[in-house]
Structure formats: C-alpha cells, structure tokens
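upload32.txt (compact mmCIF, C-alpha atoms)
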# COMPACT_ATOMS: atom_id res chain seq x y z
CA MET A 1 0.00 0.00 0.00
CA SER A 2 2.60 2.47 1.15
CA GLN A 3 4.95 1.27 -1.59
CA ARG A 4 2.33 2.04 -4.21
CA LYS A 5 1.81 5.49 -2.76
CA LEU A 6 5.54 6.18 -2.93
CA GLU A 7 5.50 5.15 -6.57
CA ASP A 8 2.59 7.52 -7.22
CA ILE A 9 4.53 10.33 -5.54
CA MET A 10 7.60 9.62 -7.65
CA ALA A 11 5.49 9.60 -10.81
CA GLU A 12 4.33 13.11 -9.93
CA VAL A 13 7.92 14.18 -9.35
CA ARG A 14 8.78 12.99 -12.86
CA SER A 15 5.86 14.84 -14.45
CA PHE A 16 6.32 18.04 -12.41
CA PRO A 17 6.59 21.10 -14.68
CA SER A 18 10.11 22.25 -15.40
CA ILE A 19 11.24 25.84 -15.09
CA PRO A 20 11.24 27.75 -18.39
CA GLY A 21 14.03 26.73 -20.76
CA ALA A 22 15.34 30.28 -20.87
CA ALA A 23 15.94 30.17 -17.12
CA VAL A 24 18.01 26.99 -17.24
CA LYS A 25 19.96 28.34 -20.17
CA LEU A 26 20.51 31.63 -18.41
CA LEU A 27 21.65 29.94 -15.20
CA THR A 28 24.31 28.12 -17.20
CA VAL A 29 25.32 31.31 -18.96
CA LEU A 30 25.46 33.18 -15.67
CA ASP A 31 27.57 30.44 -14.12
CA ASN A 32 30.43 31.80 -16.14
CA PRO A 33 31.41 35.16 -14.62
CA ASP A 34 32.93 36.35 -17.88
CA THR A 35 29.68 36.15 -19.81
CA PRO A 36 29.19 39.42 -21.70
CA ALA A 37 25.97 41.34 -21.14
CA SER A 38 25.05 40.92 -24.79
CA LYS A 39 24.95 37.13 -24.41
CA ILE A 40 22.56 37.41 -21.46
CA GLU A 41 20.39 39.84 -23.35
CA GLU A 42 20.26 37.46 -26.28
CA THR A 43 19.17 34.57 -24.07
CA LEU A 44 16.43 36.63 -22.45
CA ARG A 45 15.16 37.99 -25.75
CA TYR A 46 13.47 34.70 -26.53
CA ASP A 47 11.33 35.02 -23.43
CA PRO A 48 9.65 38.45 -23.40
CA GLY A 49 7.58 37.59 -20.31
CA LEU A 50 10.74 36.81 -18.39
CA THR A 51 12.43 39.98 -19.65
CA ALA A 52 9.49 42.09 -18.53
CA ASN A 53 9.50 40.47 -15.10
CA VAL A 54 13.23 40.89 -14.73
CA LEU A 55 12.96 44.61 -15.44
CA LYS A 56 9.96 45.01 -13.13
CA LEU A 57 11.84 43.32 -10.29
CA THR A 58 15.05 45.17 -10.96
CA ASN A 59 13.19 48.45 -10.55
CA SER A 60 11.33 47.35 -7.39
CA ALA A 61 11.90 48.95 -4.01
CA TYR A 62 13.48 45.70 -2.80
CA PHE A 63 16.59 46.04 -4.92
CA GLY A 64 16.60 49.78 -4.37
CA PHE A 65 18.46 51.12 -7.40
CA PRO A 66 18.02 54.87 -7.55
CA ALA A 67 17.99 55.16 -11.35
CA LYS A 68 15.33 53.58 -13.53
CA ILE A 69 16.71 50.58 -15.37
CA GLY A 70 15.22 50.21 -18.82
CA SER A 71 17.06 47.39 -20.52
CA VAL A 72 18.49 43.99 -19.70
CA ARG A 73 21.93 45.14 -20.78
CA GLN A 74 21.78 48.04 -18.35
CA ALA A 75 20.52 45.70 -15.63
CA VAL A 76 23.46 43.33 -16.08
CA THR A 77 25.98 46.16 -15.94
CA LEU A 78 24.42 47.89 -12.96
CA ILE A 79 23.32 45.06 -10.72
CA GLY A 80 25.79 42.32 -11.58
CA THR A 81 25.19 38.68 -12.33
CA LYS A 82 24.58 37.58 -8.72
CA ARG A 83 21.51 39.78 -8.33
CA LEU A 84 20.41 38.93 -11.86
CA ILE A 85 20.36 35.20 -11.01
CA GLN A 86 18.13 35.99 -8.05
CA ILE A 87 15.82 38.08 -10.17
CA VAL A 88 15.57 35.44 -12.88
CA MET A 89 14.82 32.74 -10.31
CA LEU A 90 12.18 34.91 -8.66
CA SER A 91 10.44 35.47 -11.99
CA CYS A 92 10.65 31.84 -13.01
CA VAL A 93 9.38 30.18 -9.88
CA SER A 94 6.68 32.64 -8.90
CA ALA A 95 4.15 31.03 -11.23
CA VAL A 96 4.87 27.56 -9.81
CA MET A 97 5.02 28.55 -6.17
CA ASP A 98 2.03 30.88 -6.19
CA LYS A 99 -0.49 28.04 -6.15
CA PRO A 100 -2.60 27.01 -3.17
CA VAL A 101 -1.29 23.97 -1.32
CA PRO A 102 -4.00 21.61 -0.12
CA GLY A 103 -3.04 19.29 2.71
CA TYR A 104 -0.87 21.95 4.29
CA ASP A 105 -3.86 24.33 4.13
CA LEU A 106 -1.95 27.13 2.45
CA PRO A 107 -4.19 29.53 0.49
CA PRO A 108 -3.06 30.83 -2.94
CA GLY A 109 0.06 32.98 -2.66
CA GLU A 110 0.98 31.87 0.85
CA LEU A 111 3.70 29.36 -0.12
CA TRP A 112 5.14 32.04 -2.38
CA ARG A 113 5.14 34.60 0.44
CA HIS A 114 6.80 32.04 2.68
CA SER A 115 9.45 31.33 0.02
CA ILE A 116 10.21 35.02 -0.30
CA ALA A 117 10.26 35.37 3.49
CA VAL A 118 12.85 32.62 3.88
CA SER A 119 15.04 34.16 1.16
CA VAL A 120 14.83 37.59 2.76
CA ALA A 121 15.42 36.26 6.30
CA ALA A 122 18.37 34.12 5.14
CA GLU A 123 19.95 37.13 3.45
CA GLY A 124 19.24 39.17 6.58
CA LEU A 125 21.11 36.61 8.70
CA VAL A 126 24.04 36.66 6.28
CA LYS A 127 24.24 40.43 6.58
CA GLU A 128 23.69 40.58 10.34
CA GLN A 129 26.35 37.99 11.04
CA SER A 130 28.67 38.66 8.10
CA ILE A 131 28.50 34.96 7.32
CA PRO A 132 30.49 33.99 4.27
CA ALA A 133 27.74 32.23 2.38
CA ALA A 134 27.57 31.28 -1.25
CA ASP A 135 25.36 33.09 -3.75
CA GLU A 136 23.16 30.00 -3.88
CA ILE A 137 21.49 30.94 -0.61
CA PHE A 138 18.73 33.04 -2.19
CA THR A 139 17.69 30.40 -4.73
CA ALA A 140 17.90 27.55 -2.20
CA ALA A 141 15.71 29.50 0.22
CA LEU A 142 13.26 30.39 -2.52
CA LEU A 143 12.76 26.77 -3.53
CA HIS A 144 13.10 24.93 -0.22
CA ASP A 145 9.41 23.97 0.03
CA VAL A 146 8.72 23.14 -3.63
CA GLY A 147 8.13 19.51 -2.56
CA LYS A 148 5.00 20.58 -0.68
CA LEU A 149 3.32 21.19 -4.05
CA ILE A 150 3.42 17.45 -4.70
CA LEU A 151 3.13 16.02 -1.20
CA GLY A 152 0.21 18.32 -0.31
CA GLY A 153 -2.23 16.30 -2.42
CA PHE A 154 -1.15 13.02 -0.80
CA LEU A 155 -1.21 14.60 2.64
CA LYS A 156 -4.82 15.56 2.15
CA GLU A 157 -5.80 11.98 1.37
CA ASP A 158 -4.01 10.58 4.40
CA ILE A 159 -4.49 13.44 6.81
CA LYS A 160 -5.85 11.24 9.64
CA LYS A 161 -2.75 9.04 9.62
CA ILE A 162 -0.45 12.06 9.47
CA GLU A 163 -2.26 13.77 12.33
CA LEU A 164 -2.05 10.65 14.44
CA ALA A 165 1.70 10.41 13.83
CA ALA A 166 2.18 14.14 14.45
CA SER A 167 0.15 14.00 17.68
CA ARG A 168 2.89 11.80 19.16
CA GLY A 169 5.06 14.90 19.22
CA MET A 170 7.45 14.04 16.41
CA SER A 171 8.42 16.77 13.99
CA PHE A 172 6.19 17.08 10.98
CA GLU A 173 8.65 15.91 8.32
CA MET A 174 9.11 12.74 10.39
CA ALA A 175 5.36 12.28 10.53
CA GLU A 176 5.31 12.59 6.74
CA HIS A 177 8.06 10.02 6.48
CA SER A 178 6.26 7.59 8.77
CA VAL A 179 3.28 7.55 6.39
CA PHE A 180 4.87 8.06 2.95
CA GLU A 181 8.46 6.85 3.40
CA THR A 182 9.51 10.25 2.10
CA ASN A 183 8.95 13.89 3.08
CA HIS A 184 8.46 17.24 1.37
CA ALA A 185 12.15 18.15 1.67
CA GLU A 186 13.28 14.99 -0.13
CA ILE A 187 10.65 15.43 -2.83
CA GLY A 188 11.72 19.04 -3.33
CA ALA A 189 15.32 17.95 -3.79
CA LEU A 190 14.29 15.41 -6.43
CA ILE A 191 12.38 18.09 -8.36
CA LEU A 192 15.38 20.42 -8.33
CA LYS A 193 17.67 17.62 -9.40
CA ASN A 194 15.40 17.12 -12.40
CA TRP A 195 15.72 20.84 -13.07
CA SER A 196 19.52 20.36 -13.14
CA LEU A 197 20.10 22.93 -10.40
CA PRO A 198 23.52 22.98 -8.67
CA LEU A 199 24.08 20.26 -6.07
CA GLN A 200 24.52 22.75 -3.24
CA ILE A 201 20.97 24.01 -3.77
CA VAL A 202 19.56 20.49 -4.09
CA ASP A 203 21.26 19.47 -0.82
CA ALA A 204 20.11 22.56 1.07
CA VAL A 205 16.53 21.76 0.11
CA ARG A 206 16.94 18.05 0.87
CA TRP A 207 18.11 18.62 4.45
CA HIS A 208 16.36 21.87 5.36
CA HIS A 209 14.57 20.34 8.34
CA THR A 210 17.42 18.04 9.37
CA PRO A 211 20.71 19.85 8.72
CA ASP A 212 22.60 17.60 11.12
CA ALA A 213 21.77 14.54 9.02
CA ALA A 214 23.29 16.02 5.86
CA GLY A 215 26.70 14.47 6.47
CA LYS A 216 28.52 17.59 5.34
CA THR A 217 27.89 20.94 7.03
CA ASN A 218 27.24 23.96 4.90
CA PRO A 219 26.24 27.52 5.86
CA VAL A 220 23.72 27.65 2.98
CA LEU A 221 21.88 24.70 4.46
CA ASP A 222 22.07 25.99 8.04
CA LEU A 223 20.78 29.39 6.97
CA VAL A 224 17.81 27.99 5.04
CA HIS A 225 17.01 25.83 8.07
CA VAL A 226 17.04 28.74 10.54
CA ALA A 227 15.31 31.20 8.20
CA ASP A 228 12.55 28.67 7.50
CA VAL A 229 11.67 28.16 11.17
CA LEU A 230 11.87 31.90 11.81
CA SER A 231 9.48 32.66 8.94
CA LEU A 232 6.98 30.10 10.21
CA MET A 233 7.21 31.58 13.68
CA ILE A 234 6.22 35.01 12.43
CA GLY A 235 3.26 33.40 10.72
CA ILE A 236 4.31 33.57 7.09
CA GLY A 237 3.36 30.39 5.28
CA VAL A 238 2.51 28.63 8.49
CA GLY A 239 0.10 25.85 7.57
CA LYS A 240 -1.68 22.95 9.15
CA GLU A 241 1.49 21.71 10.82
CA GLY A 242 2.03 24.98 12.71
CA LEU A 243 5.51 25.19 14.24
CA GLN A 244 5.93 21.43 14.48
CA TYR A 245 9.58 21.40 13.41
CA GLU A 246 12.69 21.19 15.53
CA PRO A 247 15.38 23.84 15.07
CA SER A 248 18.88 22.39 15.26
CA MET A 249 21.11 23.52 18.14
CA ALA A 250 24.20 22.65 16.13
CA ALA A 251 23.11 24.76 13.16
CA THR A 252 22.58 27.90 15.25
CA ARG A 253 25.91 27.26 16.98
CA ARG A 254 27.70 26.82 13.65
CA LEU A 255 26.27 30.13 12.47
CA GLY A 256 27.24 31.81 15.74
CA LEU A 257 23.71 33.10 16.27
CA LYS A 258 22.32 34.62 19.46
CA PRO A 259 18.65 35.31 20.24
CA ILE A 260 19.14 39.00 19.52
CA HIS A 261 20.28 38.23 15.95
CA LEU A 262 17.15 36.24 15.21
CA GLU A 263 14.87 38.91 16.64
CA LYS A 264 16.64 41.70 14.84
CA VAL A 265 16.41 39.93 11.51
CA ALA A 266 12.74 39.14 12.16
CA SER A 267 12.07 42.83 12.81
CA GLN A 268 13.62 43.79 9.46
CA THR A 269 12.09 41.02 7.40
CA LEU A 270 8.40 41.96 7.09
CA GLU A 271 8.90 45.17 5.18
CA ARG A 272 11.32 43.58 2.73
CA ILE A 273 8.92 40.70 2.06
CA ASN A 274 6.20 43.19 1.23
CA GLU A 275 8.51 45.07 -1.12
CA LEU A 276 9.17 41.89 -3.06
CA SER A 277 5.68 40.42 -3.08
CA ASP A 278 4.24 43.80 -4.15
CA VAL A 279 5.99 43.35 -7.49
CA PHE A 280 4.02 40.18 -8.12
CA GLY A 281 0.71 41.75 -7.21
CA SER A 282 0.02 39.28 -4.43
CA LYS A 283 -0.52 40.39 -0.84
CA MET B 284 -17.10 45.71 8.98
CA ARG B 285 -14.54 42.93 8.95
CA PHE B 286 -10.94 43.95 9.62
CA VAL B 287 -7.89 41.74 9.32
CA VAL B 288 -5.06 42.57 11.69
CA GLU B 289 -1.75 41.82 9.93
CA VAL B 290 1.47 40.72 11.62
CA GLY B 291 2.93 43.65 13.53
CA ASP B 292 -0.29 45.64 13.48
CA MET B 293 -3.26 46.61 15.62
CA LYS B 294 -6.88 47.44 14.89
CA VAL B 295 -9.62 48.79 17.14
CA GLY B 296 -13.30 49.20 16.51
CA GLY B 297 -16.77 48.93 17.93
CA GLY B 298 -20.42 48.17 17.20
CA ASP B 299 -20.84 45.57 14.48
CA ASP B 300 -17.17 45.27 13.61
CA LEU B 301 -15.47 41.89 13.45
CA LEU B 302 -11.72 41.85 13.98
CA LEU B 303 -9.62 38.86 13.08
CA THR B 304 -5.98 37.96 12.95
CA LEU B 305 -4.50 35.00 11.11
CA ALA B 306 -1.61 32.64 11.66
CA LEU B 307 -0.39 33.44 15.15
CA GLY B 308 2.76 31.36 15.47
CA SER B 309 5.15 32.71 18.07
CA CYS B 310 3.50 36.14 17.82
CA LEU B 311 1.23 37.43 20.57
CA GLY B 312 -2.43 38.04 19.83
CA LEU B 313 -3.87 40.33 22.49
CA MET B 314 -7.61 40.92 22.55
CA VAL B 315 -8.94 43.76 24.73
CA TYR B 316 -12.64 44.58 25.07
CA ASP B 317 -14.75 47.01 27.06
CA PRO B 318 -18.30 45.59 27.23
CA ALA B 319 -19.85 48.80 28.62
CA VAL B 320 -19.09 50.81 25.49
CA GLN B 321 -18.60 47.84 23.16
CA VAL B 322 -15.20 48.81 21.88
CA GLY B 323 -12.25 46.51 21.51
CA GLY B 324 -9.11 45.76 19.60
CA ILE B 325 -6.57 43.15 18.60
CA LEU B 326 -2.80 43.54 18.67
CA HIS B 327 -0.66 41.10 16.65
CA ALA B 328 2.86 41.69 18.03
CA MET B 329 5.84 39.82 16.69
CA LEU B 330 8.70 40.33 19.14
CA PRO B 331 9.05 40.93 22.89
CA LEU B 332 11.20 44.03 23.28
CA SER B 333 11.50 47.13 21.14
CA ARG B 334 15.08 47.81 22.16
CA ILE B 335 16.41 45.40 19.51
CA ASN B 336 15.22 47.82 16.81
CA PRO B 337 14.25 51.22 18.31
CA GLU B 338 13.96 52.80 14.90
CA LYS B 339 11.39 50.23 13.84
CA ALA B 340 9.53 50.62 17.14
CA GLN B 341 9.22 54.33 16.43
CA SER B 342 7.68 53.78 13.01
CA ASN B 343 5.64 50.74 14.06
CA PRO B 344 5.11 50.22 17.80
CA PHE B 345 2.76 47.29 17.11
CA MET B 346 5.63 45.05 16.11
CA PHE B 347 6.76 44.73 19.73
CA VAL B 348 4.92 43.60 22.86
CA ASP B 349 6.40 46.28 25.13
CA THR B 350 5.33 49.15 22.86
CA GLY B 351 2.25 47.55 21.25
CA VAL B 352 0.31 46.68 24.40
CA PRO B 353 0.29 50.24 25.82
CA ALA B 354 -0.61 51.55 22.34
CA LEU B 355 -3.63 49.22 22.16
CA PHE B 356 -4.92 50.31 25.58
CA LYS B 357 -4.42 53.95 24.68
CA ALA B 358 -6.33 53.56 21.41
CA LEU B 359 -9.24 52.05 23.36
CA TYR B 360 -9.21 54.84 25.94
CA ASP B 361 -9.54 57.24 23.03
CA LEU B 362 -12.69 55.37 21.98
CA GLY B 363 -14.22 55.70 25.45
CA GLY B 364 -12.95 52.47 26.93
CA HIS B 365 -12.05 52.35 30.61
CA LYS B 366 -9.20 50.37 32.15
CA THR B 367 -11.25 48.93 35.03
CA ARG B 368 -13.81 47.42 32.63
CA MET B 369 -11.38 45.96 30.09
CA ILE B 370 -11.52 42.23 29.44
CA VAL B 371 -8.11 41.06 28.31
CA LYS B 372 -7.38 37.76 26.54
CA ALA B 373 -4.18 36.39 25.05
CA ALA B 374 -3.48 33.87 22.29
CA GLY B 375 -0.48 32.63 20.31
CA CYS B 376 3.05 32.73 21.77
CA GLY B 377 3.78 29.29 20.32
CA ASN B 378 7.21 27.72 19.95
CA PRO B 379 8.79 25.19 17.62
CA LEU B 380 9.74 21.77 19.03
CA GLY B 381 12.88 21.10 21.04
CA GLU B 382 14.97 22.95 23.55
CA ASN B 383 16.68 25.56 21.39
CA GLU B 384 16.23 28.70 23.53
CA MET B 385 16.96 30.97 20.63
CA PHE B 386 13.65 30.08 19.02
CA LYS B 387 11.53 30.59 22.15
CA ILE B 388 10.38 34.00 20.96
CA GLY B 389 6.79 32.98 21.78
CA GLU B 390 7.74 32.27 25.37
CA ARG B 391 9.53 35.62 25.64
CA ASN B 392 6.55 37.44 24.13
CA TYR B 393 4.33 35.90 26.81
CA THR B 394 6.75 36.77 29.64
CA VAL B 395 6.93 40.42 28.59
CA LEU B 396 3.13 40.59 28.32
CA LYS B 397 2.62 39.15 31.82
CA LYS B 398 5.15 41.55 33.29
CA LEU B 399 3.48 44.53 31.65
CA LEU B 400 0.01 43.50 32.77
CA TRP B 401 1.18 42.74 36.29
CA LYS B 402 2.85 46.12 36.60
CA ASN B 403 -0.40 47.77 35.56
CA ASN B 404 -2.67 45.68 37.75
CA ILE B 405 -4.41 43.98 34.86
CA LEU B 406 -5.34 40.30 34.88
CA LEU B 407 -5.82 38.03 31.90
CA GLU B 408 -9.41 36.82 31.68
CA SER B 409 -8.35 33.82 29.62
CA GLU B 410 -5.53 32.63 27.42
CA ASP B 411 -4.66 30.03 24.83
CA VAL B 412 -0.90 30.21 24.50
CA GLY B 413 2.14 28.01 23.86
CA GLY B 414 2.43 24.73 22.02
CA SER B 415 3.34 24.46 18.36
CA ALA B 416 -0.06 25.11 16.77
CA SER B 417 -0.84 28.11 14.60
CA ARG B 418 -3.95 30.02 15.68
CA THR B 419 -6.47 32.38 14.13
CA VAL B 420 -8.54 34.66 16.41
CA TYR B 421 -11.91 36.34 15.80
CA LEU B 422 -13.21 39.12 18.06
CA GLU B 423 -16.82 40.21 17.65
CA LEU B 424 -17.19 43.72 18.97
CA SER B 425 -20.95 43.77 19.57
CA THR B 426 -20.61 40.92 22.09
CA GLY B 427 -16.92 40.59 22.89
CA GLN B 428 -17.08 36.95 21.87
CA THR B 429 -13.59 35.67 21.11
CA ILE B 430 -13.19 32.57 18.97
CA ILE B 431 -9.97 30.66 18.34
CA SER B 432 -9.61 28.52 15.27
CA SER B 433 -6.70 26.11 15.01
CA LYS B 434 -6.02 22.77 13.30
CA GLY B 435 -9.52 22.72 11.83
CA LYS B 436 -11.26 23.19 15.19
CA LYS B 437 -12.94 26.23 16.75
CA TRP B 438 -13.61 27.16 20.35
CA GLU B 439 -14.45 30.14 22.48
CA LEU B 440 -11.73 31.83 24.49
Represent the structure from my file as structure tokens, please.
Amino acid sequence: MSQRKLEDIMAEVRSFPSIPGAAVKLLTVLDNPDTPASKIEETLRYDPGLTANVLKLTNSAYFGFPAKIGSVRQAVTLIGTKRLIQIVMLSCVSAVMDKPVPGYDLPPGELWRHSIAVSVAAEGLVKEQSIPAADEIFTAALLHDVGKLILGGFLKEDIKKIELAASRGMSFEMAEHSVFETNHAEIGALILKNWSLPLQIVDAVRWHHTPDAAGKTNPVLDLVHVADVLSLMIGIGVGKEGLQYEPSMAATRRLGLKPIHLEKVASQTLERINELSDVFGSK
Amino acid sequence: MRFVVEVGDMKVGGGDDLLLTLALGSCLGLMVYDPAVQVGGILHAMLPLSRINPEKAQSNPFMFVDTGVPALFKALYDLGGHKTRMIVKAAGCGNPLGENEMFKIGERNYTVLKKLLWKNNILLESEDVGGSASRTVYLELSTGQTIISSKGKKWEL
C-alpha cells in the first residue's frame, strides 16, 4: 500500500513542470562570470515575459536602485550577475510557487510569500552575522518547500494518519516520512535535481529540516534551516502543521547566532517581504 | 465591517465590527474589550522588546509587545474604553519543538506581556498560549465573543 503510494509520488515528481528553458539556459550562462551582457540579453530575448518580469523586479523597491533601469543590458551592468540570477529565479518560480497547497492548508500565494520570506530572512542573517555564504542561498531558500506542491495532495488523502503520527510529538517531516516513506524536503530535492540545479541548492533543500543529518555541514543549508523556522514563527506560510519542526542547536551554533540576531532579523524582514511580493501583485 | 489585523499591526473598533488575525505562530495576539461601550481591539505583536530595533519601534510600535500593548490600551481609551472594565485575553506565543532557547520567541513574548500587565494591575481573563499550533482569532465587537480557530477546530476563548 505504502509502496504504491511512494510510486505515485515519484510519478508526480517525474511529471512536475520544469522551469522555463530560458531560465536553465541563463543559469548556465550566468555560471560563467565572464559572460558578456550581450549574451545574457540574447538569451532573455526569446522570453519576453521573463524579460518584462526581470525589469519590473530590478526596478522594485526591494533592490533599491536609484535610477530607472530600462534594458536587460543596463541591468546586467548595474546590478551584476549575482543579483540577476536571483531576479531570474524569482520570476521563473513565482508562477509555480504561487499556487494554493492543499493538505498543508496554504491559500493561494501563501507558499510564495513564505518562500520570499525565507530568502529575505536568510539574506538578513548573512548580513547581520557577516556569514560567508555562497550566492546559492537566495535560490535555495526560494525553492526549499517546492516539494509541498506534490506532497500536499497526498497529505490531504491521508491526513488522519499524518495527524495521528504528528500527535505523538514528532516533527512534521518525520510524521510525513512515517506515512509516505519520504517527506516534502526529499521530494523538493528530487524536483530540483530534475531541473539540473547545482548540487549545493539540491542538498540545502533536501536537508532543510534536518541539517545535522546532511553528512557535510554547509552555511547555505544551516541558513535555510534557521530562516525557514523563523518565517513560520512570524506566521508567514505557516500551515496545518504549525511550528511542528525542531530547530537544530548545532546549526545555530555553527552560524554563531544569538537570540538578539534572530529577533533583529525578524524585525527587518516583514517590510522587505512586502517590497518583493508587491511586485508580483500578491498580498 | 470585517478587519484583518496583519502581523505587527493593531486594529480597534466597535459596534458591528469583526476583527480577526491569522496565523499566530510565536507572535502574541492580544484581545482587549470594554463591554460597557462595546469597543475593543486586537494587537498582533511579533517580538518581545523594542530595544532590539528602536527605529522600527518608532515607526511601528505594534511590532513589539512592550510598545504595542500600551498603544492598544491607549487607542481604546480614546474610543471611550475604561481600564477597570477591560476584558483582556491572550493567544499565540507558540514555539517550535525542542529545547533551542533561541527560538523561544513565543515564550519571551508571553513573559513580557505578563510583566506589563502585572505592573499595571491587569489580569488576563483567559488565554490560549504556547504549544506548536498556529492560531487564528476572531473578536466580535458587539458581544466581545472571542473565537480561536486552530487545526480545523474552533472554540471560544
């Protein structure tokens, strides 16, 4: 029974929509720091929707460039490739992540707001603590819960079993595992692997609730882990499972965090989330 | 009218108004009601103490328990409410699992609230705080009825 369910879940992973071809192409292009702006412009030209979104985001309050940026070429020169990757990822995944998530009881737009919140909080922690973290942090944070889009449907069907498991006090991803032999973090990692995203991002998503089980420590993973719990605590994207996750002591120690850091970042996060989600017209 | 109180915000009203606030995780939801004049309000405060970000507290006192609670009472006094008649209820202040003190913001929110109320001789009429559940609160201002909804169930606070 459970084996068949796992097979059904994996079938959905295989048929999950991919991110637009232009995005994958662009990520490869951007991977090379010497890519000329003209090459990036050329890649984006084939996707006018993406180009429009990139320019809209570039000019948003969140990125805070004083001058109006009117072309992709100008954007590349002014904001650099690191920010451009973030902007491209934001545009590409918003359509996927904006959907309601049954099972977890997330209304339309709430998973997206949560994804933005975790990205913003993770970047806030990096800044607050001057943590040397890779550029992948923003994308990993943005996509950490993509697995919920698949598991949500299965969760809904088996909600009684999940609730029974969760009522024993175990963390929610363990409750998922006890019923499905997988959890939303693992499913998310499989999706991103199919998207051919860098391994560091795939791993950060895979272990975002259990960073100590990852085998190899990594600040990107620790940051996504901490930022995720923090965002749930302030009520952004908090679903049926509430706060039923266990923050890792080791991860906060590795990052050198103190309570004041978490609270300070939380106090700065709300406004920045609104700046970003305003661009997409959601709440 | 139906008003949604966002995270780090406060709303007051009276008469036929219905106030609600969604997704209280570790945040404090404070409901204050004066039945004699039928005015009340909800505060949805995120963090215990304003001193971690004084600038933010200046622009938005409702983000913090220590600045938000006095602001809520003051707003109700302005609407004709009186301290001795106020019915005060608390919800939220949840925490994730485990013993990591850093993430016990909910617990700290509750501690600061209790201290503030105690200093001002105010008692909580009822509370539904702690645990790991997320809560939504409805406050009906014609009756003062306070309903909590969490994990698909509803009950009166």
**Prompt:** Excluding same-chain residues fewer than 6 positions from range 123-127 of chain A, what lies within 8 Å of it counting only C-alpha atoms, as a list of chain:residue names?
**Reply:** A:Ala133, A:Ile137, A:Phe138, A:Leu223, A:Ala227, A:His261, A:Leu262, A:Val265, A:Gln268, A:Thr269
Closest pair table for chain A residues within 8 Å of chain B, only C-alpha atoms, as a tab-separated table:
residue	atom	partner	partner_atom	distance
A:Ser171	CA	B:Leu380	CA	7.2
A:Val229	CA	B:Pro379	CA	7.7
A:Leu230	CA	B:Phe386	CA	7.6
A:Leu232	CA	B:Gly308	CA	6.9
A:Met233	CA	B:Gly308	CA	4.8
A:Ile234	CA	B:Gly308	CA	5.9
A:Gly235	CA	B:Ala306	CA	5.0
A:Ile236	CA	B:Ala306	CA	7.5
A:Val238	CA	B:Ala306	CA	6.6
A:Gly239	CA	B:Ser417	CA	7.4
A:Lys240	CA	B:Lys434	CA	6.0
A:Glu241	CA	B:Ala416	CA	7.0
A:Gly242	CA	B:Ala416	CA	4.6
A:Leu243	CA	B:Pro379	CA	4.7
A:Gln244	CA	B:Ser415	CA	5.6
A:Tyr245	CA	B:Leu380	CA	5.6
A:Glu246	CA	B:Leu380	CA	4.6
A:Pro247	CA	B:Asn383	CA	6.7
A:Ser248	CA	B:Asn383	CA	7.2
A:Met249	CA	B:Asn383	CA	5.9
A:Lys258	CA	B:Met385	CA	6.6
A:Pro259	CA	B:Met385	CA	4.7
A:Ile260	CA	B:Ile335	CA	7.0
A:Leu262	CA	B:Met385	CA	7.6
A:Glu263	CA	B:Leu330	CA	6.8
A:Lys264	CA	B:Ile335	CA	6.0
A:Ser267	CA	B:Asn336	CA	7.1
**Request:** Within 8 Å of range 10-24 of chain A, counting only C-alpha atoms, which residues show up once you throw out same-chain ones fewer than 2 positions away? Write them as a ChimeraX atom specification, please.
**Result:** /A:6-8,26-28,43-44,46-47,88-89,92-93,150,187,190-191,194-196
**Which residue of B:Leu302, B:Ile370, B:Leu313, B:Leu359 approaches Leu396 in chain B most closely, using only C-alpha atoms** =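 Looking only at the distances to Leu396 in chain B, the closest residue turns out to be B:Leu313.
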**Request:** Name all residues at most 8 Å from Glu157 in chain A (count all atoms listed in the file; drop same-chain ones fewer than 3 positions away) and give them as a PyMOL selection string.
**Result:** chain A and resi 103+153-154
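Between Ile325 in chain B and the residues B:Asn403, B:Thr367, B:Thr304, B:Ser432, the shortest atom-to-atom distance, using all atoms listed in the file, involves B:Thr304.
With all atoms listed in the file as the atoms that count, the minimum distance from Lys56 in chain A to the choices A:Leu164, A:Val72, A:Val202, A:Val146 is reached by A:Val72.
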**Prompt:** Near range 208-213 of chain A, counting all atoms listed in the file, which residues have an atom at most 7 Å away, once you skip same-chain residues fewer than 5 positions from it, shown as a PyMOL selection string?
**Reply:** chain A and resi 185+221-222+224-225
Specify the axis-aligned box that encloses all atoms of range 414-427 of chain B listed in the file after padding of 8 Å on each side, stating its centre and edge lengths in Å to one decimal as lines of an AutoDock Vina configuration file.
center_x = -8.8
center_y = 34.1
center_z = 18.5
size_x = 40.3
size_y = 35.3
size_z = 24.8
Could you add the missing atoms to range 136-147 of chain A, up to N, CA and C atoms, and return them as an mmCIF file, in the frame of the given file?
data_model
loop_
_atom_site.group_PDB
_atom_site.id
_atom_site.type_symbol
_atom_site.label_atom_id
_atom_site.label_comp_id
_atom_site.auth_asym_id
_atom_site.auth_seq_id
_atom_site.Cartn_x
_atom_site.Cartn_y
_atom_site.Cartn_z
ATOM 1 N N GLU A 136 24.292 30.920 -3.706
ATOM 2 C CA GLU A 136 23.160 30.000 -3.880
ATOM 3 C C GLU A 136 22.079 30.167 -2.825
ATOM 4 N N ILE A 137 22.400 30.875 -1.747
ATOM 5 C CA ILE A 137 21.490 30.940 -0.610
ATOM 6 C C ILE A 137 20.091 31.421 -1.001
ATOM 7 N N PHE A 138 20.021 32.446 -1.838
ATOM 8 C CA PHE A 138 18.730 33.040 -2.190
ATOM 9 C C PHE A 138 17.853 32.034 -2.943
ATOM 10 N N THR A 139 18.444 31.371 -3.930
ATOM 11 C CA THR A 139 17.690 30.400 -4.730
ATOM 12 C C THR A 139 17.294 29.188 -3.895
ATOM 13 N N ALA A 140 18.215 28.715 -3.050
ATOM 14 C CA ALA A 140 17.900 27.550 -2.200
ATOM 15 C C ALA A 140 16.741 27.889 -1.271
ATOM 16 N N ALA A 141 16.779 29.084 -0.698
ATOM 17 C CA ALA A 141 15.710 29.500 0.220
ATOM 18 C C ALA A 141 14.388 29.620 -0.528
ATOM 19 N N LEU A 142 14.466 30.165 -1.722
ATOM 20 C CA LEU A 142 13.260 30.390 -2.520
ATOM 21 C C LEU A 142 12.548 29.083 -2.868
ATOM 22 N N LEU A 143 13.327 28.026 -3.036
ATOM 23 C CA LEU A 143 12.760 26.770 -3.530
ATOM 24 C C LEU A 143 12.646 25.684 -2.459
ATOM 25 N N HIS A 144 12.957 25.997 -1.211
ATOM 26 C CA HIS A 144 13.100 24.930 -0.220
ATOM 27 C C HIS A 144 11.830 24.098 -0.020
ATOM 28 N N ASP A 145 10.659 24.704 -0.228
ATOM 29 C CA ASP A 145 9.410 23.970 0.030
ATOM 30 C C ASP A 145 8.697 23.510 -1.238
ATOM 31 N N VAL A 146 9.393 23.499 -2.361
ATOM 32 C CA VAL A 146 8.720 23.140 -3.630
ATOM 33 C C VAL A 146 8.092 21.738 -3.550
ATOM 34 N N GLY A 147 8.661 20.870 -2.723
ATOM 35 C CA GLY A 147 8.130 19.510 -2.560
ATOM 36 C C GLY A 147 6.720 19.480 -1.984
#
